[in-house]
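**Student:** The structure file run-v1.cif (mmCIF, C-alpha atoms and all ligand atoms) is provided below.
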data_work
#
loop_
_atom_site.label_atom_id
_atom_site.label_comp_id
_atom_site.auth_asym_id
_atom_site.auth_seq_id
_atom_site.Cartn_x
_atom_site.Cartn_y
_atom_site.Cartn_z
CA MET A 219 33.86 -110.25 36.26
CA SER A 220 31.33 -109.99 33.41
CA CYS A 221 27.61 -110.84 33.81
CA ARG A 222 26.60 -114.52 33.93
CA LYS A 223 24.14 -114.52 30.99
CA LYS A 224 24.86 -117.34 28.51
CA VAL A 225 26.95 -116.17 25.55
CA THR A 226 25.10 -117.03 22.35
CA VAL A 227 26.18 -116.79 18.71
CA PRO A 228 24.10 -113.59 18.16
CA ALA A 229 25.64 -112.13 21.34
CA ILE A 230 29.14 -112.74 19.95
CA ILE A 231 28.25 -111.12 16.61
CA SER A 232 26.70 -108.11 18.35
CA LYS A 233 29.88 -107.46 20.36
CA LYS A 234 31.50 -106.16 17.19
CA ARG A 235 28.65 -103.68 16.64
CA LYS A 236 28.90 -102.57 20.27
CA ASN A 237 32.69 -102.24 20.04
CA LYS A 238 33.20 -104.75 22.87
CA LYS A 239 36.24 -107.03 22.72
CA ILE A 240 35.58 -110.79 22.64
CA VAL A 241 37.62 -112.80 25.15
CA CYS A 242 38.48 -116.28 23.88
CA VAL A 243 40.67 -119.03 25.25
CA THR A 244 41.13 -122.75 24.74
CA ALA A 245 40.29 -125.45 27.29
CA TYR A 246 40.47 -129.22 27.22
CA ASP A 247 38.91 -130.46 30.49
CA ALA A 248 36.08 -129.69 32.90
CA THR A 249 38.18 -128.19 35.70
CA PHE A 250 39.97 -125.63 33.52
CA ALA A 251 36.68 -124.99 31.69
CA ARG A 252 35.03 -124.06 35.00
CA LEU A 253 37.93 -121.78 35.90
CA VAL A 254 38.03 -119.93 32.55
CA ASP A 255 34.24 -119.60 32.62
CA GLU A 256 34.38 -118.14 36.14
CA GLY A 257 37.23 -115.89 34.95
CA GLY A 258 34.90 -114.33 32.38
CA ALA A 259 35.92 -115.87 29.03
CA ASP A 260 33.19 -115.33 26.42
CA PHE A 261 34.23 -118.10 24.06
CA VAL A 262 36.00 -121.38 24.82
CA LEU A 263 37.59 -123.38 22.05
CA VAL A 264 38.41 -127.04 22.35
CA GLY A 265 41.26 -126.51 19.93
CA ASP A 266 43.15 -129.19 18.08
CA SER A 267 46.11 -127.54 19.84
CA LEU A 268 45.29 -130.29 22.36
CA GLY A 269 47.42 -132.50 20.13
CA MET A 270 50.44 -130.45 21.20
CA VAL A 271 49.72 -129.26 24.75
CA VAL A 272 47.77 -132.30 26.03
CA GLN A 273 48.94 -135.20 23.86
CA GLY A 274 52.54 -134.08 23.38
CA HIS A 275 52.69 -134.21 19.57
CA ASP A 276 54.81 -131.78 17.49
CA ASN A 277 51.77 -130.52 15.58
CA THR A 278 47.98 -130.84 15.38
CA VAL A 279 47.81 -133.36 12.53
CA PRO A 280 47.43 -136.52 14.69
CA VAL A 281 44.29 -135.23 16.48
CA THR A 282 41.16 -137.23 15.67
CA LEU A 283 37.46 -136.45 15.67
CA GLU A 284 37.06 -138.80 18.65
CA ASP A 285 39.66 -136.75 20.57
CA ILE A 286 37.79 -133.49 19.91
CA ILE A 287 34.44 -135.01 20.89
CA TYR A 288 35.89 -136.47 24.10
CA HIS A 289 37.44 -133.15 25.19
CA CYS A 290 34.35 -131.14 24.14
CA ARG A 291 32.17 -133.31 26.37
CA ALA A 292 34.52 -132.75 29.30
CA VAL A 293 34.69 -128.98 28.72
CA SER A 294 30.91 -128.68 28.30
CA ARG A 295 30.48 -129.99 31.85
CA GLY A 296 32.59 -127.14 33.23
CA LEU A 297 30.98 -124.27 31.32
CA ARG A 298 27.91 -122.30 32.35
CA ARG A 299 28.24 -118.96 30.55
CA ALA A 300 30.85 -119.14 27.79
CA HIS A 301 30.14 -120.28 24.24
CA LEU A 302 31.69 -123.68 23.43
CA CYS A 303 33.31 -124.17 20.02
CA GLY A 304 34.80 -127.48 18.87
CA ASP A 305 37.71 -127.53 16.41
CA MET A 306 37.31 -129.73 13.36
CA PRO A 307 40.48 -131.86 13.26
CA PHE A 308 42.76 -132.61 10.32
CA MET A 309 40.98 -134.10 7.30
CA SER A 310 37.64 -134.49 9.10
CA TYR A 311 36.04 -131.83 6.83
CA LYS A 312 38.16 -131.28 3.71
CA ILE A 313 37.06 -134.29 1.67
CA SER A 314 33.55 -133.03 0.95
CA PRO A 315 30.84 -130.78 2.45
CA GLU A 316 28.88 -133.95 3.32
CA GLN A 317 31.85 -135.39 5.22
CA ALA A 318 32.14 -132.07 7.08
CA LEU A 319 28.41 -132.09 7.90
CA THR A 320 28.61 -135.62 9.34
CA ALA A 321 31.68 -134.74 11.45
CA ALA A 322 30.32 -131.38 12.64
CA THR A 323 27.03 -133.03 13.62
CA ARG A 324 28.97 -135.35 15.93
CA VAL A 325 30.89 -132.44 17.49
CA LEU A 326 27.57 -130.76 18.36
CA GLN A 327 25.54 -133.87 19.27
CA GLU A 328 28.13 -135.97 21.07
CA GLY A 329 30.58 -133.25 22.09
CA ARG A 330 27.85 -130.75 23.09
CA ALA A 331 29.68 -127.93 21.30
CA GLU A 332 27.63 -124.97 20.10
CA SER A 333 29.70 -124.24 16.99
CA VAL A 334 32.63 -125.68 15.03
CA LYS A 335 35.82 -124.07 13.77
CA LEU A 336 37.52 -125.07 10.55
CA GLU A 337 40.69 -123.94 8.80
CA GLY A 338 40.82 -122.62 5.25
CA GLY A 339 39.61 -119.82 2.97
CA VAL A 340 38.08 -119.62 -0.49
CA GLU A 341 38.20 -123.41 -0.98
CA MET A 342 36.16 -123.98 2.21
CA ALA A 343 33.27 -121.67 1.24
CA PRO A 344 30.92 -124.43 -0.09
CA THR A 345 31.53 -126.47 3.09
CA ILE A 346 30.85 -123.51 5.37
CA GLU A 347 27.63 -122.78 3.43
CA ARG A 348 26.51 -126.41 3.80
CA LEU A 349 27.05 -126.41 7.58
CA VAL A 350 25.47 -122.99 8.13
CA GLN A 351 22.42 -123.92 6.02
CA SER A 352 22.06 -126.99 8.24
CA GLY A 353 21.99 -124.83 11.37
CA ILE A 354 25.57 -125.38 12.49
CA PRO A 355 27.35 -122.13 13.43
CA VAL A 356 30.85 -121.97 11.91
CA VAL A 357 34.00 -120.13 12.96
CA GLY A 358 36.53 -119.62 10.14
CA HIS A 359 40.33 -119.65 10.52
CA VAL A 360 42.76 -118.03 8.06
CA GLY A 361 46.37 -116.84 7.98
CA LEU A 362 48.54 -119.46 9.64
CA THR A 363 46.49 -122.64 9.46
CA PRO A 364 48.43 -125.12 11.63
CA GLN A 365 46.89 -128.22 10.01
CA SER A 366 48.84 -127.22 6.86
CA VAL A 367 52.14 -127.13 8.77
CA HIS A 368 53.85 -129.49 6.33
CA SER A 369 52.85 -127.46 3.23
CA LEU A 370 53.73 -124.17 4.95
CA GLY A 371 57.13 -125.49 6.06
CA GLY A 372 56.53 -124.76 9.75
CA PHE A 373 54.55 -122.44 12.01
CA LYS A 374 55.42 -119.16 10.30
CA MET A 375 54.09 -115.63 10.15
CA GLN A 376 51.79 -115.26 7.12
CA GLY A 377 51.09 -112.26 4.88
CA LYS A 378 54.63 -111.03 4.61
CA ASN A 379 54.38 -110.16 0.91
CA GLY A 380 51.67 -108.42 -1.08
CA ILE A 381 50.44 -111.53 -2.94
CA ASP A 382 50.11 -113.43 0.33
CA ARG A 383 48.26 -110.53 1.96
CA GLN A 384 45.81 -110.31 -0.94
CA ARG A 385 45.17 -114.07 -0.72
CA ILE A 386 44.46 -113.86 3.02
CA ILE A 387 42.07 -110.92 2.47
CA GLU A 388 40.19 -112.93 -0.19
CA ASP A 389 40.13 -116.00 2.08
CA ALA A 390 38.64 -114.01 4.98
CA LYS A 391 36.04 -112.40 2.68
CA ALA A 392 34.99 -115.80 1.26
CA VAL A 393 34.66 -117.31 4.75
CA ALA A 394 32.48 -114.39 5.90
CA GLU A 395 30.33 -114.43 2.75
CA ALA A 396 29.81 -118.20 3.14
CA GLY A 397 28.14 -117.50 6.51
CA ALA A 398 30.78 -117.98 9.24
CA PHE A 399 29.75 -115.97 12.34
CA CYS A 400 33.33 -115.06 13.28
CA ILE A 401 36.84 -115.77 12.05
CA VAL A 402 40.21 -116.50 13.64
CA LEU A 403 43.15 -114.54 12.15
CA GLU A 404 46.38 -116.31 13.09
CA CYS A 405 49.96 -115.00 12.88
CA MET A 406 49.82 -112.05 10.51
CA PRO A 407 50.95 -108.42 10.62
CA LEU A 408 48.67 -106.20 12.68
CA GLU A 409 47.98 -103.89 9.71
CA LEU A 410 46.61 -106.81 7.69
CA ALA A 411 44.47 -108.05 10.61
CA GLY A 412 43.22 -104.48 11.11
CA ALA A 413 42.28 -104.10 7.44
CA ILE A 414 40.40 -107.44 7.47
CA THR A 415 38.64 -106.49 10.72
CA ASP A 416 37.50 -103.17 9.20
CA SER A 417 36.28 -104.81 6.01
CA LEU A 418 34.17 -107.60 7.58
CA SER A 419 30.83 -107.33 9.38
CA ILE A 420 31.62 -110.49 11.42
CA PRO A 421 34.03 -110.35 14.40
CA THR A 422 37.69 -111.25 13.95
CA ILE A 423 39.51 -113.15 16.71
CA GLY A 424 43.26 -112.69 16.64
CA ILE A 425 46.17 -114.83 17.77
CA GLY A 426 49.53 -113.36 16.88
CA ALA A 427 47.63 -110.81 14.79
CA GLY A 428 47.91 -107.66 16.92
CA PRO A 429 45.42 -105.52 18.84
CA LEU A 430 43.11 -104.38 16.03
CA CYS A 431 41.01 -107.57 15.97
CA ASP A 432 37.55 -107.68 17.57
CA GLY A 433 38.70 -110.32 20.05
CA GLN A 434 41.73 -112.33 21.11
CA ILE A 435 42.37 -116.02 21.68
CA LEU A 436 45.30 -117.78 23.35
CA VAL A 437 46.10 -121.41 24.07
CA LEU A 438 45.35 -121.76 27.80
CA TYR A 439 48.49 -123.70 28.76
CA ASP A 440 50.66 -121.12 26.97
CA MET A 441 49.04 -118.07 28.59
CA LEU A 442 49.28 -119.73 32.02
CA GLY A 443 53.01 -120.27 31.55
CA MET A 444 52.84 -124.06 31.61
CA ASN A 445 55.17 -124.34 28.60
CA GLU A 446 57.92 -122.08 29.92
CA GLY A 447 60.15 -122.63 26.89
CA PHE A 448 57.46 -121.50 24.45
CA THR A 449 57.93 -117.73 24.16
CA PRO A 450 56.88 -116.45 20.73
CA LYS A 451 56.61 -112.66 20.42
CA PHE A 452 52.80 -112.68 20.39
CA LEU A 453 52.46 -114.61 23.65
CA LYS A 454 52.06 -113.07 27.08
CA GLN A 455 52.32 -115.46 30.02
CA PHE A 456 49.69 -114.24 32.50
CA ALA A 457 50.86 -116.69 35.18
CA GLY A 458 53.79 -118.94 35.98
CA LEU A 459 51.80 -122.11 36.50
CA GLY A 460 54.60 -124.37 35.22
CA GLY A 461 56.93 -123.29 38.02
CA LEU A 462 54.12 -123.38 40.57
CA VAL A 463 53.16 -126.97 39.68
CA ARG A 464 56.79 -128.14 39.74
CA GLN A 465 57.46 -126.43 43.06
CA SER A 466 54.25 -127.80 44.62
CA VAL A 467 55.16 -131.36 43.62
CA GLU A 468 58.70 -130.88 44.97
CA THR A 469 57.29 -129.79 48.35
CA TYR A 470 54.78 -132.66 48.34
CA ALA A 471 57.57 -135.15 47.54
CA GLU A 472 59.76 -133.78 50.34
CA GLU A 473 56.93 -133.97 52.86
CA VAL A 474 55.89 -137.51 51.86
CA ARG A 475 59.50 -138.72 52.01
CA ALA A 476 60.02 -137.04 55.39
CA GLY A 477 56.79 -138.55 56.77
CA GLU A 478 55.37 -135.04 57.30
CA PHE A 479 52.38 -135.53 55.03
CA PRO A 480 49.70 -136.54 55.82
CA ALA A 481 49.75 -134.85 59.22
CA GLU A 482 47.18 -135.43 61.93
CA ALA A 483 44.98 -132.72 60.41
CA HIS A 484 44.70 -134.75 57.20
CA SER A 485 43.94 -138.08 58.92
CA THR A 486 40.87 -139.59 60.54
CA SER A 487 41.09 -141.65 63.72
CA LEU A 488 38.63 -144.14 65.19
CA THR A 489 38.46 -141.85 68.21
CA ASP A 490 37.27 -138.81 66.22
CA THR A 491 33.90 -137.68 67.63
CA ASP A 492 31.98 -137.29 64.34
CA GLN A 493 32.67 -140.84 63.08
CA THR A 494 28.97 -141.39 62.40
CA ALA A 495 28.62 -138.27 60.28
CA PRO A 496 28.49 -138.93 56.54
CA GLN A 497 31.90 -138.26 55.02
CA LEU A 498 32.17 -136.18 51.85
CA LEU A 499 35.31 -137.63 50.35
CA TYR A 500 35.40 -135.64 47.13
CA SER A 501 34.66 -132.03 46.30
CA THR A 502 31.17 -131.38 44.99
CA THR A 503 31.92 -127.73 44.18
CA ASN A 504 31.33 -128.37 40.51
CA LYS A 505 27.78 -129.68 40.93
CA LYS A 506 27.09 -129.48 37.22
CA ALA A 507 30.03 -131.83 36.55
CA ALA A 508 28.85 -134.22 39.24
CA LEU A 509 25.46 -134.57 37.57
CA HIS A 510 26.77 -135.72 34.18
O1 LIG B 1 43.73 -125.23 18.07
C1 LIG B 1 43.71 -124.11 18.61
O2 LIG B 1 43.89 -123.95 19.81
C2 LIG B 1 43.46 -122.96 17.74
C3 LIG B 1 43.59 -121.59 18.33
C4 LIG B 1 44.98 -121.26 18.64
C5 LIG B 1 42.95 -120.55 17.49
O3 LIG B 1 43.17 -123.12 16.61
#
Before anything else, please render the file you have as structure tokens.
**Tutor:**
Amino acid sequence: MSCRKKVTVPAIISKKRKNKKIVCVTAYDATFARLVDEGGADFVLVGDSLGMVVQGHDNTVPVTLEDIIYHCRAVSRGLRRAHLCGDMPFMSYKISPEQALTAATRVLQEGRAESVKLEGGVEMAPTIERLVQSGIPVVGHVGLTPQSVHSLGGFKMQGKNGIDRQRIIEDAKAVAEAGAFCIVLECMPLELAGAITDSLSIPTIGIGAGPLCDGQILVLYDMLGMNEGFTPKFLKQFAGLGGLVRQSVETYAEEVRAGEFPAEAHSTSLTDTDQTAPQLLYSTTNKKAALH
């Protein structure tokens, strides 16, 4: 596991210079946040993907600012080392730079995030500048921008033709020049992601963009195999948690129905000798969470 020193924005930027890959993943609650932090993630995103994997929507459009703030607060209680980034949800930042500043302020103040991520390229440059000048670190996001799912006609690979590739390159350049400290490249050919990575001084974080990016990000539930039916080419399932959860509940159900659980070992009797000892009913392993 990596060292436990807090991952700051300058530390993330310097990883590119030092040729060290940046490990990013999403999280939506304190327990998973603690686990991914202990697992060595550098950067944790409370992504608006929560609209799909937590709330069960077909896309990220229904996610609200309140949702992001709520989940950021929960995740912040589980993190000790990793950087916490909050995703700016649909239409919470596109109306004007001032609207974006008000929303981003809430994500940092109420959600306890340390940066915000927003989708878009050239057209978002004035907004990124406004946030960065106000001391809010910004992560850009170009290529497939899921909040534009309806305009794009679905979640599709971007940069397939030359005009599209040129537009994505210009978008990434504008985001970097506006002051973003890193940028997500989503669903594009690896050659395009590699060319953007080489041309920018800020780190690129890829998802479905091949191995040439400075870091990688995956949606936690997808990489843990909780959505077994979701198997796009770019995804690797690092665990089979979906099957494990289902199987565990099946065993639990069988044991409860058979009267096998709880057994004597899980029960307390009046005749137990340490009746006077204080009982710790709930785990206090996550002491930081318990304090909030
Ligand atoms: O919402 C999200 O989880 C994201 C990542 C996939 C980059 O935007």
**Student:** To one decimal in Å, tell me the separation between atom CA of Leu408 of chain A and atom CA of Glu332 of chain A.
**Tutor:** 29.2 Å
**Student:** Using all atoms listed in the file, what are the residues with an atom within 8 Å of ligand LIG 1 (chain B), set out as an MDAnalysis selection string?
**Tutor:** chainID A and resid 243:244 263:268 278 305 335 359 363:364 402 404 424:425 435:437
**Student:** From the list A:Leu336, A:Leu326, A:Ala483, A:Val241, which residue is nearest Val262 of chain A when using only C-alpha atoms?
**Tutor:**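 Closest residue, counting only C-alpha atoms: A:Val241.
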**Student:** Which residues come within 10 Å of Ser314 of chain A, counting only C-alpha atoms, excluding same-chain residues fewer than 5 positions away, as a list in words?
**Tutor:**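 Counting only the stated atoms, we get Met309, Leu319, Met342, Pro344 and Thr345 of chain A.
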**Student:** May I have the residues within 10 Å of Gly443 of chain A as a list of chain:residue names, using only C-alpha atoms and disregarding those fewer than 6 positions away in the same chain?
**Tutor:** A:Thr449, A:Leu453, A:Lys454, A:Gln455, A:Phe456, A:Ala457, A:Gly458, A:Leu459, A:Gly460, A:Gly461, A:Leu462
**Student:** Any chance you can output those residues with C-alpha atoms as a PDB file, in the coordinates of the input?
**Tutor:**
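As written to disk, selection.pdb reads:
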ATOM      1  CA  THR A 449      57.930-117.730  24.160  1.00  0.00           C
ATOM      2  CA  LEU A 453      52.460-114.610  23.650  1.00  0.00           C
ATOM      3  CA  LYS A 454      52.060-113.070  27.080  1.00  0.00           C
ATOM      4  CA  GLN A 455      52.320-115.460  30.020  1.00  0.00           C
ATOM      5  CA  PHE A 456      49.690-114.240  32.500  1.00  0.00           C
ATOM      6  CA  ALA A 457      50.860-116.690  35.180  1.00  0.00           C
ATOM      7  CA  GLY A 458      53.790-118.940  35.980  1.00  0.00           C
ATOM      8  CA  LEU A 459      51.800-122.110  36.500  1.00  0.00           C
ATOM      9  CA  GLY A 460      54.600-124.370  35.220  1.00  0.00           C
ATOM     10  CA  GLY A 461      56.930-123.290  38.020  1.00  0.00           C
ATOM     11  CA  LEU A 462      54.120-123.380  40.570  1.00  0.00           C
TER      12      LEU A 462
END
**Student:** Could you tell me how far atom CA of His275 of chain A lies from atom CA of Ala390 of chain A, in Å and to one decimal?
**Tutor:**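 Interatomic distance here is 28.6 Å.
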**Student:** Contacts of Ala392 of chain A at 9 Å or less, counting all atoms listed in the file, minus same-chain residues fewer than 5 places along, as a count of residues only?
**Tutor:** 7
**Student:** Please indicate the distance in Å from atom CA of Arg252 of chain A to atom CA of Leu297 of chain A, rounded to one decimal place.
**Tutor:**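 Atom CA of Leu297 of chain A lies 5.5 Å from atom CA of Arg252 of chain A.
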**Student:** Restricting the calculation to all atoms listed in the file: of A:Cys405, A:Ile386, A:Arg295, A:Arg348, which residue gets closest to Phe373 of chain A?
**Tutor:** A:Cys405
**Student:** Let me make sure I understand: among A:His368, A:Lys239, A:Lys374, A:Lys224, which one has the smallest atom-to-atom distance to Leu430 of chain A if we use all atoms listed in the file?
**Tutor:**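 Distance minimum relative to Leu430 of chain A lands on A:Lys239.
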**Student:** Measuring atom to atom with only C-alpha atoms, identify which of A:Asp276, A:Tyr246, A:Ala321, A:Cys400 is nearest to His289 of chain A.
**Tutor:**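 When distances to His289 of chain A are compared using only C-alpha atoms, the smallest one comes from A:Tyr246.
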**Student:** When distances are computed from all atoms listed in the file, which of A:Gly477, A:Leu370, A:Met444, A:Gln365 shows the smallest separation from Arg464 of chain A?
**Tutor:** A:Met444
**Student:** Restricting the calculation to all atoms listed in the file, which member of A:Glu472, A:Asp382, A:Glu446, A:Asp260 is positioned closest to Val225 of chain A?
**Tutor:**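 Using all atoms listed in the file, the shortest distance to Val225 of chain A belongs to A:Asp260.
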**Student:** Taking 3 positions as the minimum chain separation for residues in the same chain, which residues sit within 12 Å of Ser417 of chain A when counting only C-alpha atoms? Answer as a PyMOL selection string.
**Tutor:** chain A and resi 387-388+390-391+394-395+410-414+420-422+431-432
